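What's in protein-v3.cif: mmCIF, C-alpha atoms
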data_data
loop_
_atom_site.label_atom_id
_atom_site.label_comp_id
_atom_site.auth_asym_id
_atom_site.auth_seq_id
_atom_site.Cartn_x
_atom_site.Cartn_y
_atom_site.Cartn_z
CA MET A 235 -33.55 -135.50 12.33
CA SER A 236 -35.20 -132.56 14.08
CA LEU A 237 -33.21 -129.43 14.93
CA ALA A 238 -33.68 -130.13 18.64
CA THR A 239 -32.28 -133.65 18.23
CA GLN A 240 -29.34 -132.33 16.23
CA TYR A 241 -28.57 -129.75 18.93
CA GLN A 242 -28.76 -132.48 21.58
CA ASP A 243 -26.33 -134.70 19.68
CA LEU A 244 -23.85 -131.86 19.26
CA SER A 245 -24.22 -130.75 22.88
CA SER A 246 -23.40 -134.19 24.24
CA SER A 247 -20.40 -134.87 22.00
CA TYR A 248 -16.87 -135.36 23.32
CA VAL A 249 -15.54 -132.14 21.78
CA THR A 250 -18.37 -130.10 23.33
CA GLU A 251 -17.75 -131.65 26.74
CA ILE A 252 -14.07 -130.71 26.52
CA LEU A 253 -14.86 -127.17 25.41
CA THR A 254 -17.43 -126.73 28.20
CA HIS A 255 -14.84 -127.75 30.79
CA LEU A 256 -12.25 -125.37 29.34
CA ILE A 257 -14.59 -122.36 29.19
CA GLN A 258 -15.74 -122.91 32.76
CA ALA A 259 -12.15 -122.47 33.93
CA PRO A 260 -11.55 -118.69 34.29
CA SER A 261 -8.04 -118.82 32.86
CA VAL A 262 -7.34 -115.12 32.46
CA THR A 263 -3.69 -114.54 31.48
CA PRO A 264 -1.39 -115.78 32.91
CA CYS A 265 -3.55 -117.99 35.15
CA ASP A 266 -4.37 -121.34 33.59
CA ALA A 267 -7.08 -122.17 36.20
CA GLY A 268 -6.19 -125.87 36.03
CA THR A 269 -6.55 -126.20 32.26
CA ILE A 270 -2.93 -127.21 31.63
CA THR A 271 -3.24 -130.07 34.11
CA PHE A 272 -6.62 -131.01 32.62
CA MET A 273 -5.19 -131.16 29.10
CA SER A 274 -2.16 -133.08 30.38
CA GLU A 275 -4.46 -135.69 31.87
CA GLN A 276 -6.44 -136.02 28.65
CA LEU A 277 -3.32 -136.43 26.52
CA ALA A 278 -1.64 -138.80 28.99
CA ALA A 279 -4.73 -141.02 28.81
CA LEU A 280 -4.20 -141.18 25.03
CA GLY A 281 -0.59 -142.30 25.49
CA PHE A 282 1.32 -139.02 25.23
CA THR A 283 4.43 -138.39 27.27
CA ILE A 284 3.83 -135.27 29.35
CA GLU A 285 6.18 -132.47 30.37
CA GLN A 286 4.86 -129.47 32.29
CA PHE A 287 6.95 -126.52 33.38
CA GLU A 288 6.21 -123.17 34.96
CA MET A 289 7.95 -119.81 34.70
CA GLN A 290 6.87 -116.52 36.32
CA GLY A 291 3.39 -117.89 36.99
CA VAL A 292 2.94 -119.15 33.41
CA LYS A 293 2.24 -122.86 32.95
CA ASN A 294 3.30 -124.65 29.79
CA LEU A 295 2.81 -128.11 28.37
CA ILE A 296 4.85 -130.17 25.93
CA ALA A 297 3.22 -133.52 25.14
CA SER A 298 4.76 -135.99 22.71
CA TYR A 299 3.88 -139.25 21.00
CA HIS A 300 6.50 -141.01 18.89
CA PHE A 301 5.01 -143.46 16.39
CA SER A 302 8.06 -144.31 14.30
CA GLU A 303 10.65 -142.64 12.12
CA GLY A 304 9.09 -139.93 10.01
CA PRO A 305 8.08 -136.27 9.95
CA THR A 306 7.35 -134.25 13.07
CA PHE A 307 4.12 -132.31 13.59
CA ALA A 308 2.79 -130.13 16.39
CA PHE A 309 -0.48 -128.58 17.46
CA SER A 310 0.15 -125.23 19.12
CA GLY A 311 -2.39 -123.38 21.23
CA HIS A 312 -3.15 -121.38 24.33
CA VAL A 313 -5.60 -121.86 27.19
CA ASP A 314 -5.49 -118.30 28.52
CA VAL A 315 -8.13 -115.71 27.72
CA VAL A 316 -8.65 -111.96 28.02
CA PRO A 317 -10.67 -110.70 31.02
CA ALA A 318 -14.47 -110.68 31.10
CA ASN A 319 -17.15 -109.57 33.54
CA ASN A 320 -20.92 -110.11 33.51
CA LYS A 321 -21.78 -106.69 32.07
CA GLY A 322 -23.58 -107.05 28.74
CA TRP A 323 -23.37 -110.85 28.59
CA ILE A 324 -26.54 -112.84 28.04
CA VAL A 325 -25.01 -115.57 30.22
CA PRO A 326 -22.09 -115.41 32.70
CA PRO A 327 -18.87 -115.39 30.63
CA PHE A 328 -17.42 -118.51 32.26
CA SER A 329 -20.63 -120.54 32.35
CA ALA A 330 -20.33 -122.16 28.89
CA GLN A 331 -24.09 -122.19 28.40
CA ILE A 332 -25.51 -123.48 25.13
CA ILE A 333 -28.38 -121.58 23.52
CA ASP A 334 -29.86 -122.74 20.19
CA GLY A 335 -26.77 -124.72 19.29
CA VAL A 336 -24.31 -121.95 20.19
CA ILE A 337 -21.94 -122.10 23.17
CA TYR A 338 -21.24 -118.79 24.89
CA GLY A 339 -18.23 -117.94 27.00
CA ARG A 340 -14.90 -116.19 27.15
CA GLY A 341 -12.43 -118.15 25.06
CA ALA A 342 -15.05 -120.10 23.12
CA ALA A 343 -13.53 -118.88 19.85
CA ASP A 344 -10.12 -117.64 21.04
CA MET A 345 -9.01 -120.32 21.35
CA LYS A 346 -10.50 -122.95 23.61
CA GLY A 347 -12.73 -124.10 20.77
CA GLY A 348 -9.62 -124.82 18.73
CA VAL A 349 -7.96 -126.64 21.62
CA ALA A 350 -11.03 -128.82 22.19
CA ALA A 351 -11.29 -129.63 18.49
CA MET A 352 -7.60 -130.50 18.31
CA LEU A 353 -8.00 -132.88 21.24
CA ALA A 354 -11.04 -134.57 19.70
CA ALA A 355 -9.20 -134.94 16.39
CA THR A 356 -6.16 -136.35 18.20
CA LYS A 357 -8.31 -138.92 19.97
CA ALA A 358 -9.90 -139.98 16.67
CA LEU A 359 -6.51 -140.21 14.94
CA LEU A 360 -5.10 -142.52 17.60
CA GLN A 361 -7.73 -145.12 16.78
CA HIS A 362 -5.42 -145.80 13.79
CA ARG A 363 -2.15 -145.63 15.70
CA GLU A 364 -0.81 -148.82 14.13
CA LYS A 365 -0.81 -147.02 10.75
CA LEU A 366 0.89 -143.85 11.93
CA GLN A 367 4.43 -142.69 11.19
CA GLY A 368 6.39 -139.81 12.64
CA SER A 369 6.19 -137.84 15.89
CA PHE A 370 3.28 -135.82 17.26
CA TYR A 371 3.65 -132.90 19.69
CA TRP A 372 1.21 -130.76 21.63
CA LEU A 373 2.46 -127.31 22.69
CA LEU A 374 0.18 -125.38 25.06
CA THR A 375 0.70 -122.23 27.10
CA SER A 376 -1.18 -119.85 29.38
CA ASP A 377 0.74 -116.76 28.19
CA GLU A 378 -0.45 -115.86 24.70
CA GLU A 379 -2.87 -113.04 25.44
CA GLY A 380 -0.33 -111.28 27.67
CA GLU A 381 3.31 -110.38 27.11
CA ALA A 382 4.11 -113.84 25.68
CA GLU A 383 7.52 -113.84 27.38
CA PHE A 384 7.19 -117.07 29.37
CA GLY A 385 4.97 -119.22 27.15
CA SER A 386 5.49 -120.44 23.59
CA LYS A 387 8.77 -118.55 23.40
CA LEU A 388 10.18 -120.80 26.15
CA ILE A 389 8.51 -123.89 24.68
CA ALA A 390 10.29 -123.25 21.38
CA GLU A 391 13.60 -122.77 23.20
CA ARG A 392 13.09 -126.05 25.05
CA LEU A 393 12.47 -127.89 21.77
CA VAL A 394 15.75 -126.53 20.42
CA GLU A 395 17.57 -127.57 23.60
CA ASN A 396 16.28 -131.11 23.09
CA ASP A 397 17.20 -131.18 19.38
CA ILE A 398 13.55 -131.37 18.35
CA GLU A 399 12.87 -129.71 15.00
CA LEU A 400 9.30 -129.61 13.75
CA ASP A 401 8.47 -130.13 10.11
CA ALA A 402 5.04 -128.56 10.50
CA CYS A 403 3.04 -126.74 13.14
CA LEU A 404 -0.66 -125.96 13.09
CA VAL A 405 -1.75 -123.12 15.38
CA GLY A 406 -5.43 -123.26 16.30
CA GLU A 407 -6.07 -119.50 16.29
CA PRO A 408 -9.48 -118.36 14.99
CA THR A 409 -8.78 -117.39 11.37
CA SER A 410 -12.10 -117.86 9.57
CA HIS A 411 -14.47 -115.06 8.54
CA GLN A 412 -17.81 -116.02 7.02
CA VAL A 413 -17.60 -119.80 7.35
CA VAL A 414 -15.14 -122.15 9.02
CA GLY A 415 -12.19 -122.89 6.78
CA ASP A 416 -12.63 -119.92 4.46
CA THR A 417 -9.34 -118.33 5.56
CA VAL A 418 -6.04 -119.54 6.97
CA LYS A 419 -3.01 -117.55 8.03
CA ASN A 420 0.15 -118.68 6.29
CA GLY A 421 2.16 -115.97 8.01
CA ARG A 422 1.88 -112.86 10.14
CA ARG A 423 3.18 -109.35 9.92
CA GLY A 424 5.73 -108.42 12.53
CA ALA A 425 5.12 -105.78 15.19
CA ILE A 426 7.28 -103.38 17.13
CA SER A 427 6.57 -100.30 19.21
CA GLY A 428 8.73 -97.19 19.46
CA ARG A 429 9.02 -94.33 21.90
CA ILE A 430 10.76 -91.10 20.82
CA HIS A 431 11.87 -88.54 23.38
CA VAL A 432 12.30 -85.15 21.67
CA LYS A 433 14.44 -82.54 23.38
CA GLY A 434 13.95 -78.80 22.78
CA LYS A 435 14.58 -75.59 24.69
CA ALA A 436 12.00 -74.07 27.03
CA GLY A 437 11.11 -70.40 27.18
CA HIS A 438 8.27 -67.88 27.29
CA VAL A 439 5.71 -68.29 24.51
CA ALA A 440 5.95 -64.56 23.80
CA TYR A 441 9.60 -64.96 22.77
CA PRO A 442 9.67 -68.12 20.62
CA GLU A 443 12.85 -66.93 18.88
CA HIS A 444 14.73 -67.89 22.03
CA THR A 445 13.24 -71.40 22.25
CA VAL A 446 13.10 -74.75 20.46
CA ASN A 447 9.53 -76.03 20.71
CA ALA A 448 9.75 -79.78 21.26
CA ALA A 449 6.05 -80.19 20.37
CA HIS A 450 6.56 -78.48 17.00
CA VAL A 451 9.56 -80.71 16.30
CA ALA A 452 7.52 -83.74 17.29
CA GLY A 453 4.81 -82.76 14.83
CA GLN A 454 7.35 -82.61 12.02
CA LEU A 455 8.69 -86.03 13.00
CA VAL A 456 5.17 -87.49 13.05
CA SER A 457 4.63 -86.30 9.47
CA GLN A 458 7.97 -87.77 8.49
CA LEU A 459 7.12 -91.14 10.03
CA ALA A 460 3.70 -91.26 8.40
CA LEU A 461 5.14 -90.66 4.92
CA LEU A 462 7.95 -93.21 5.03
CA PRO A 463 7.90 -95.57 2.01
CA TRP A 464 8.08 -99.34 2.62
CA TRP A 465 9.44 -100.58 -0.67
CA LYS A 466 9.85 -104.23 0.30
CA ASP A 467 6.14 -104.74 1.01
CA GLU A 468 4.47 -107.60 -0.80
CA VAL A 469 0.89 -107.91 -2.00
CA GLY A 470 -1.33 -108.87 0.91
CA SER A 471 1.32 -107.98 3.50
CA GLN A 472 1.48 -104.21 3.81
CA THR A 473 3.46 -102.30 6.43
CA THR A 474 1.54 -99.76 8.51
CA LEU A 475 2.91 -97.25 11.00
CA GLN A 476 0.50 -95.63 13.43
CA VAL A 477 1.34 -92.89 15.90
CA THR A 478 -0.40 -93.79 19.15
CA GLY A 479 0.48 -90.80 21.30
CA ILE A 480 2.03 -87.31 21.42
CA THR A 481 2.63 -86.21 24.99
CA VAL A 482 4.03 -83.03 26.53
CA PRO A 483 4.80 -83.32 30.27
CA SER A 484 3.71 -80.57 32.69
CA ILE A 485 1.72 -78.43 30.24
CA VAL A 486 1.77 -74.69 31.02
CA ASP A 487 -0.03 -72.36 28.61
CA ASN A 488 2.70 -69.69 28.56
CA LEU A 489 5.69 -72.02 28.38
CA VAL A 490 7.24 -73.46 25.25
CA PRO A 491 7.80 -77.15 26.03
CA ALA A 492 11.34 -78.44 26.19
CA GLU A 493 10.27 -82.09 25.93
CA CYS A 494 7.76 -84.15 23.97
CA GLU A 495 7.23 -87.88 23.62
CA ILE A 496 5.95 -89.68 20.55
CA THR A 497 4.77 -93.27 20.75
CA PHE A 498 4.07 -95.37 17.67
CA ASN A 499 3.53 -98.94 16.53
CA ILE A 500 4.61 -100.58 13.29
CA ARG A 501 3.00 -103.68 11.82
CA TYR A 502 5.47 -104.67 9.16
CA SER A 503 5.39 -106.98 6.16
CA HIS A 504 6.94 -110.41 6.38
CA ALA A 505 9.50 -109.11 3.88
CA TYR A 506 11.16 -107.35 6.84
CA LYS A 507 12.70 -108.39 10.13
CA SER A 508 12.63 -106.23 13.23
CA GLN A 509 16.28 -105.16 13.01
CA GLU A 510 15.74 -103.88 9.47
CA VAL A 511 12.76 -101.85 10.63
CA VAL A 512 14.67 -100.40 13.58
CA GLN A 513 17.64 -99.45 11.42
CA TYR A 514 15.43 -97.86 8.75
CA ILE A 515 13.51 -95.72 11.25
CA GLN A 516 16.62 -94.61 13.11
CA GLU A 517 18.47 -93.66 9.93
CA SER A 518 15.42 -91.74 8.66
CA LEU A 519 15.01 -89.77 11.89
CA ALA A 520 18.74 -89.06 12.15
CA LYS A 521 18.45 -86.99 8.96
CA SER A 522 16.22 -84.51 10.79
CA GLY A 523 19.17 -83.27 12.83
CA THR A 524 16.97 -83.18 15.93
CA GLU A 525 18.24 -84.20 19.34
CA LEU A 526 16.16 -87.21 20.28
CA GLU A 527 16.25 -90.60 21.96
CA ILE A 528 14.49 -93.70 20.61
CA CYS A 529 13.45 -96.65 22.74
CA TRP A 530 12.13 -99.84 21.13
CA GLU A 531 9.60 -102.12 22.81
CA ARG A 532 7.85 -105.48 22.30
CA PRO A 533 9.36 -106.72 19.03
CA CYS A 534 7.37 -109.57 17.46
CA GLU A 535 9.00 -111.10 14.40
CA SER A 536 7.14 -111.68 11.17
CA PHE A 537 6.94 -115.11 9.57
CA TYR A 538 5.71 -116.56 6.30
CA THR A 539 4.99 -120.05 5.02
CA GLY A 540 4.79 -120.24 1.25
CA ALA A 541 4.11 -123.10 -1.11
CA LYS A 542 6.86 -125.69 -1.56
CA GLN A 543 7.59 -128.14 -4.33
CA GLU A 544 7.84 -131.03 -1.87
CA ASN A 545 6.43 -131.72 1.59
CA CYS A 546 4.22 -128.66 1.41
CA PHE A 547 2.23 -128.24 4.61
CA LEU A 548 0.25 -125.33 3.17
CA THR A 549 -1.03 -127.56 0.38
CA LEU A 550 -1.83 -130.30 2.87
CA VAL A 551 -3.97 -127.93 4.95
CA GLU A 552 -5.70 -126.54 1.86
CA GLN A 553 -6.57 -130.07 0.73
CA ALA A 554 -7.87 -130.98 4.19
CA ILE A 555 -10.17 -127.95 4.17
CA GLN A 556 -11.37 -128.67 0.64
CA GLU A 557 -12.08 -132.27 1.58
CA THR A 558 -14.13 -131.15 4.59
CA THR A 559 -15.92 -128.04 3.31
CA GLY A 560 -15.80 -128.36 -0.48
CA GLN A 561 -13.92 -125.04 -0.78
CA TYR A 562 -10.29 -123.98 -0.76
CA PRO A 563 -9.33 -121.30 1.78
CA SER A 564 -8.08 -117.78 1.17
CA LEU A 565 -4.56 -117.07 2.42
CA SER A 566 -3.85 -114.14 4.72
CA THR A 567 -1.07 -112.64 6.80
CA ALA A 568 -3.25 -109.84 8.21
CA GLY A 569 -4.23 -109.18 11.80
CA GLY A 570 -2.12 -109.10 14.93
CA THR A 571 0.73 -111.32 15.96
CA SER A 572 0.49 -114.92 17.14
CA ASP A 573 2.62 -117.55 18.83
CA GLY A 574 3.29 -119.06 15.42
CA ARG A 575 6.27 -116.71 15.17
CA PHE A 576 8.12 -118.66 17.85
CA PHE A 577 7.99 -121.94 15.93
CA ALA A 578 8.49 -120.77 12.33
CA THR A 579 11.99 -121.52 11.00
CA GLY A 580 13.58 -122.27 7.67
CA LYS A 581 12.41 -125.86 8.14
CA THR A 582 9.27 -125.56 10.25
CA GLN A 583 6.20 -124.64 8.21
CA VAL A 584 3.57 -122.87 10.33
CA ILE A 585 -0.09 -122.48 9.38
CA GLU A 586 -2.87 -121.01 11.51
CA CYS A 587 -6.32 -122.47 11.00
CA GLY A 588 -9.34 -122.16 13.22
CA VAL A 589 -12.93 -121.13 13.78
CA LYS A 590 -14.56 -117.77 13.00
CA ASN A 591 -13.05 -114.73 14.68
CA ASP A 592 -16.03 -112.35 14.56
CA SER A 593 -16.72 -112.50 18.32
CA ILE A 594 -13.26 -112.85 19.82
CA HIS A 595 -12.41 -110.61 22.79
CA GLN A 596 -15.99 -109.29 22.69
CA VAL A 597 -18.96 -109.41 25.01
CA ASN A 598 -20.94 -112.60 24.29
CA GLU A 599 -18.02 -114.37 22.63
CA HIS A 600 -19.46 -117.54 21.16
CA LEU A 601 -19.02 -120.50 18.85
CA SER A 602 -21.68 -122.54 17.13
CA LEU A 603 -21.41 -126.25 17.85
CA SER A 604 -21.74 -127.04 14.18
CA ASP A 605 -18.66 -124.87 13.49
CA LEU A 606 -16.86 -126.65 16.31
CA HIS A 607 -17.48 -129.98 14.62
CA VAL A 608 -16.38 -128.67 11.22
CA ILE A 609 -13.01 -127.53 12.57
CA GLU A 610 -12.63 -130.87 14.36
CA LYS A 611 -13.09 -132.63 11.01
CA ILE A 612 -10.59 -130.32 9.33
CA TYR A 613 -8.01 -131.03 12.03
CA LEU A 614 -8.58 -134.76 11.75
CA SER A 615 -8.11 -134.60 7.99
CA VAL A 616 -4.84 -132.70 8.50
CA LEU A 617 -3.60 -135.31 10.97
CA LYS A 618 -4.51 -138.25 8.75
CA ARG A 619 -2.82 -136.68 5.74
CA PHE A 620 0.31 -135.94 7.74
CA PHE A 621 0.74 -139.15 9.71
CA ILE A 622 -0.96 -141.87 7.66
CA LYS A 623 -0.21 -140.81 4.10
CA VAL A 624 3.40 -139.84 4.71
CA GLU A 625 4.40 -140.53 1.13
CA ASN A 626 2.03 -137.78 -0.03
CA PHE A 627 3.27 -135.19 2.44
#
Can you turn what I pasted into structure tokens?
Amino acid sequence: MSLATQYQDLSSSYVTEILTHLIQAPSVTPCDAGTITFMSEQLAALGFTIEQFEMQGVKNLIASYHFSEGPTFAFSGHVDVVPANNKGWIVPPFSAQIIDGVIYGRGAADMKGGVAAMLAATKALLQHREKLQGSFYWLLTSDEEGEAEFGSKLIAERLVENDIELDACLVGEPTSHQVVGDTVKNGRRGAISGRIHVKGKAGHVAYPEHTVNAAHVAGQLVSQLALLPWWKDEVGSQTTLQVTGITVPSIVDNLVPAECEITFNIRYSHAYKSQEVVQYIQESLAKSGTELEICWERPCESFYTGAKQENCFLTLVEQAIQETTGQYPSLSTAGGTSDGRFFATGKTQVIECGVKNDSIHQVNEHLSLSDLHVIEKIYLSVLKRFFIKVENF
């Protein structure tokens, strides 16, 4: 088969058609640009029961298919993307043009490619519906790239309200590096931002003995924060604290400042929870004896899915990748946060697995069609192992 023929076959496939439609919808957070309704229609045609709900302009989808008694699985994903304009793009960012077997467009990798592949795998799985056991859910939102207050967080709450507890959840975020399937996320570090308001005493710079320089105090606190030990860190999940700003209001060159603000962000190991981090920081800063106020913002909890003796979803995903690519994936908890944190519980095992992430949020974001088909095959293998071979799960 010639390369041109191969490109043509990939370009005309079902998964590529779905991805093209999704990219061409300019669904910049929190706008879904019709993609939630589109996905609802596709899943309804496959026999899923559809529930859509909207909150604060965010559209969400819960689709379900009950085969029989058995384990419960969900695909989780988002249809929203970060903004893009034409500057620097070789094609318009919402045109979904294919060049030499690569589709270009905002969201191609993060994560409309994953959503399209999950749909194609779902369609293929349902050709064997008479052999399937358990319950299958789709959980989609248009509020992942934004504040994430009215998306997957509310979907997870609605599942709890309806007494639905997932055994496993696969999030289609782009996790791969060199080749598709080489890395999966079996957890994520948590994140929280802090804002410290330092109070001093103003006065003339020529008489510092009569002042308390809030900027000097802030500098000491920054050093203290940077040197804090994080003794619960585990290998591969290190806590990092980065100061993101030191601000003095109304700067005057002959006035000692009475106020200074420090902003910082902590990405913390899955060995911690946000309340532990908050308590640790506050107790450490209290020892300075400085008058200050601390405000905490945007907490995102950590989560971790380890290996289990029985019903191990991590092992299932690893085996699906090995079956498809011939290689086992590396495990990682690095990077930013994801919606997986909303679904991870003591029972629900959450794994993130998706295409390469080297172009996400960038100009000329893209995804090769061959990679798109590989992740589709991985997803189908996961589904078959979960729903058909229940005794091996």
Evaluate the PyMOL selection byres ((chain A and resi 348-358) around 9) here and jot the selected residues down as a JSON list (two decimals) with C-alpha atoms, in the coordinates of the input.
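Final output, saved to result07.json:
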[["chain", "number", "residue", "atom", "x", "y", "z"],
["A", 248, "TYR", "CA", -16.87, -135.36, 23.32],
["A", 249, "VAL", "CA", -15.54, -132.14, 21.78],
["A", 250, "THR", "CA", -18.37, -130.10, 23.33],
["A", 251, "GLU", "CA", -17.75, -131.65, 26.74],
["A", 252, "ILE", "CA", -14.07, -130.71, 26.52],
["A", 253, "LEU", "CA", -14.86, -127.17, 25.41],
["A", 256, "LEU", "CA", -12.25, -125.37, 29.34],
["A", 273, "MET", "CA", -5.19, -131.16, 29.10],
["A", 276, "GLN", "CA", -6.44, -136.02, 28.65],
["A", 277, "LEU", "CA", -3.32, -136.43, 26.52],
["A", 280, "LEU", "CA", -4.20, -141.18, 25.03],
["A", 309, "PHE", "CA", -0.48, -128.58, 17.46],
["A", 310, "SER", "CA", 0.15, -125.23, 19.12],
["A", 311, "GLY", "CA", -2.39, -123.38, 21.23],
["A", 312, "HIS", "CA", -3.15, -121.38, 24.33],
["A", 313, "VAL", "CA", -5.60, -121.86, 27.19],
["A", 342, "ALA", "CA", -15.05, -120.10, 23.12],
["A", 343, "ALA", "CA", -13.53, -118.88, 19.85],
["A", 344, "ASP", "CA", -10.12, -117.64, 21.04],
["A", 345, "MET", "CA", -9.01, -120.32, 21.35],
["A", 346, "LYS", "CA", -10.50, -122.95, 23.61],
["A", 347, "GLY", "CA", -12.73, -124.10, 20.77],
["A", 359, "LEU", "CA", -6.51, -140.21, 14.94],
["A", 360, "LEU", "CA", -5.10, -142.52, 17.60],
["A", 361, "GLN", "CA", -7.73, -145.12, 16.78],
["A", 362, "HIS", "CA", -5.42, -145.80, 13.79],
["A", 374, "LEU", "CA", 0.18, -125.38, 25.06],
["A", 405, "VAL", "CA", -1.75, -123.12, 15.38],
["A", 406, "GLY", "CA", -5.43, -123.26, 16.30],
["A", 407, "GLU", "CA", -6.07, -119.50, 16.29],
["A", 408, "PRO", "CA", -9.48, -118.36, 14.99],
["A", 587, "CYS", "CA", -6.32, -122.47, 11.00],
["A", 588, "GLY", "CA", -9.34, -122.16, 13.22],
["A", 589, "VAL", "CA", -12.93, -121.13, 13.78],
["A", 606, "LEU", "CA", -16.86, -126.65, 16.31],
["A", 607, "HIS", "CA", -17.48, -129.98, 14.62],
["A", 608, "VAL", "CA", -16.38, -128.67, 11.22],
["A", 609, "ILE", "CA", -13.01, -127.53, 12.57],
["A", 610, "GLU", "CA", -12.63, -130.87, 14.36],
["A", 611, "LYS", "CA", -13.09, -132.63, 11.01],
["A", 612, "ILE", "CA", -10.59, -130.32, 9.33],
["A", 613, "TYR", "CA", -8.01, -131.03, 12.03],
["A", 614, "LEU", "CA", -8.58, -134.76, 11.75],
["A", 615, "SER", "CA", -8.11, -134.60, 7.99],
["A", 617, "LEU", "CA", -3.60, -135.31, 10.97]]
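For Asn447 in chain A, the set of protein, DNA and RNA residues having any atom at most 7 Å away, when counting all atoms listed in the file and skipping those fewer than 5 positions along the same chain, is A:Gly434, A:Lys435, A:Val490, A:Pro491, A:Ala492.
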Reference answer for the PyMOL selection byres ((chain A and resi 562-566) around 7), as a PDB file with C-alpha atoms, in the frame of the given file:
ATOM      1  CA  GLY A 415     -12.190-122.890   6.780  1.00  0.00           C
ATOM      2  CA  ASP A 416     -12.630-119.920   4.460  1.00  0.00           C
ATOM      3  CA  THR A 417      -9.340-118.330   5.560  1.00  0.00           C
ATOM      4  CA  VAL A 418      -6.040-119.540   6.970  1.00  0.00           C
ATOM      5  CA  LYS A 419      -3.010-117.550   8.030  1.00  0.00           C
ATOM      6  CA  ASN A 420       0.150-118.680   6.290  1.00  0.00           C
ATOM      7  CA  GLY A 470      -1.330-108.870   0.910  1.00  0.00           C
ATOM      8  CA  GLU A 552      -5.700-126.540   1.860  1.00  0.00           C
ATOM      9  CA  ILE A 555     -10.170-127.950   4.170  1.00  0.00           C
ATOM     10  CA  GLN A 556     -11.370-128.670   0.640  1.00  0.00           C
ATOM     11  CA  GLN A 561     -13.920-125.040  -0.780  1.00  0.00           C
ATOM     12  CA  THR A 567      -1.070-112.640   6.800  1.00  0.00           C
ATOM     13  CA  ALA A 568      -3.250-109.840   8.210  1.00  0.00           C
TER      14      ALA A 568
END
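The two atoms in question, CA of Cys529 in chain A and CA of Glu495 in chain A, are spaced 10.8 Å apart.
Note that the spacing between CA of Ser376 in chain A and CA of Cys403 in chain A amounts to 18.1 Å.
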Given the PyMOL selection byres ((chain A and resi 455) around 12) and the file above, list the residues it selects as a PDB file with C-alpha atoms, keeping the file's coordinate frame.
ATOM      1  CA  ILE A 430      10.760 -91.100  20.820  1.00  0.00           C
ATOM      2  CA  HIS A 431      11.870 -88.540  23.380  1.00  0.00           C
ATOM      3  CA  VAL A 432      12.300 -85.150  21.670  1.00  0.00           C
ATOM      4  CA  ALA A 448       9.750 -79.780  21.260  1.00  0.00           C
ATOM      5  CA  ALA A 449       6.050 -80.190  20.370  1.00  0.00           C
ATOM      6  CA  HIS A 450       6.560 -78.480  17.000  1.00  0.00           C
ATOM      7  CA  VAL A 451       9.560 -80.710  16.300  1.00  0.00           C
ATOM      8  CA  ALA A 452       7.520 -83.740  17.290  1.00  0.00           C
ATOM      9  CA  GLY A 453       4.810 -82.760  14.830  1.00  0.00           C
ATOM     10  CA  GLN A 454       7.350 -82.610  12.020  1.00  0.00           C
ATOM     11  CA  VAL A 456       5.170 -87.490  13.050  1.00  0.00           C
ATOM     12  CA  SER A 457       4.630 -86.300   9.470  1.00  0.00           C
ATOM     13  CA  GLN A 458       7.970 -87.770   8.490  1.00  0.00           C
ATOM     14  CA  LEU A 459       7.120 -91.140  10.030  1.00  0.00           C
ATOM     15  CA  ALA A 460       3.700 -91.260   8.400  1.00  0.00           C
ATOM     16  CA  LEU A 461       5.140 -90.660   4.920  1.00  0.00           C
ATOM     17  CA  LEU A 462       7.950 -93.210   5.030  1.00  0.00           C
ATOM     18  CA  VAL A 477       1.340 -92.890  15.900  1.00  0.00           C
ATOM     19  CA  ILE A 480       2.030 -87.310  21.420  1.00  0.00           C
ATOM     20  CA  CYS A 494       7.760 -84.150  23.970  1.00  0.00           C
ATOM     21  CA  GLU A 495       7.230 -87.880  23.620  1.00  0.00           C
ATOM     22  CA  ILE A 496       5.950 -89.680  20.550  1.00  0.00           C
ATOM     23  CA  THR A 497       4.770 -93.270  20.750  1.00  0.00           C
ATOM     24  CA  PHE A 498       4.070 -95.370  17.670  1.00  0.00           C
ATOM     25  CA  ILE A 515      13.510 -95.720  11.250  1.00  0.00           C
ATOM     26  CA  GLN A 516      16.620 -94.610  13.110  1.00  0.00           C
ATOM     27  CA  SER A 518      15.420 -91.740   8.660  1.00  0.00           C
ATOM     28  CA  LEU A 519      15.010 -89.770  11.890  1.00  0.00           C
ATOM     29  CA  ALA A 520      18.740 -89.060  12.150  1.00  0.00           C
ATOM     30  CA  LYS A 521      18.450 -86.990   8.960  1.00  0.00           C
ATOM     31  CA  SER A 522      16.220 -84.510  10.790  1.00  0.00           C
ATOM     32  CA  GLY A 523      19.170 -83.270  12.830  1.00  0.00           C
ATOM     33  CA  THR A 524      16.970 -83.180  15.930  1.00  0.00           C
ATOM     34  CA  GLU A 525      18.240 -84.200  19.340  1.00  0.00           C
ATOM     35  CA  LEU A 526      16.160 -87.210  20.280  1.00  0.00           C
TER      36      LEU A 526
END
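For the pair CA of Ser593 in chain A and CA of Glu531 in chain A, the separation is 28.6 Å.
Checking A:Ser484, A:Gln543, A:Ser369, A:Gln509 one by one against Ala436 in chain A, counting all atoms listed in the file, you find the shortest gap at A:Ser484.
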Exercise. Find the residues near Ala578 in chain A: any atom within 12 Å, counting all atoms listed in the file, skip ones fewer than 2 places away on the same chain, and give them as a VMD selection string.
Key: chain A and resid 308 310 386 to 387 390 399 to 405 420 to 422 535 to 540 572 to 576 580 to 586
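Each of A:Val336, A:Leu550, A:Ile296, A:Ala318 was compared to Glu391 in chain A using all atoms listed in the file, and A:Ile296 turns out to be the nearest.
Excluding Asp266 in chain A itself and same-chain residues fewer than 5 positions from it, the residues having an atom within 12 Å of it are Leu256, Ile257, Gln258, Ala259, Pro260, Ser261, Thr271, Phe272, Met273, Glu288, Gly291, Val292, Lys293, Asn294, Leu295, His312, Val313, Asp314, Val315, Val316, Lys346, Leu374, Thr375, Ser376, Asp377, Glu378, Glu379 and Gly385 of chain A, counting all atoms listed in the file.
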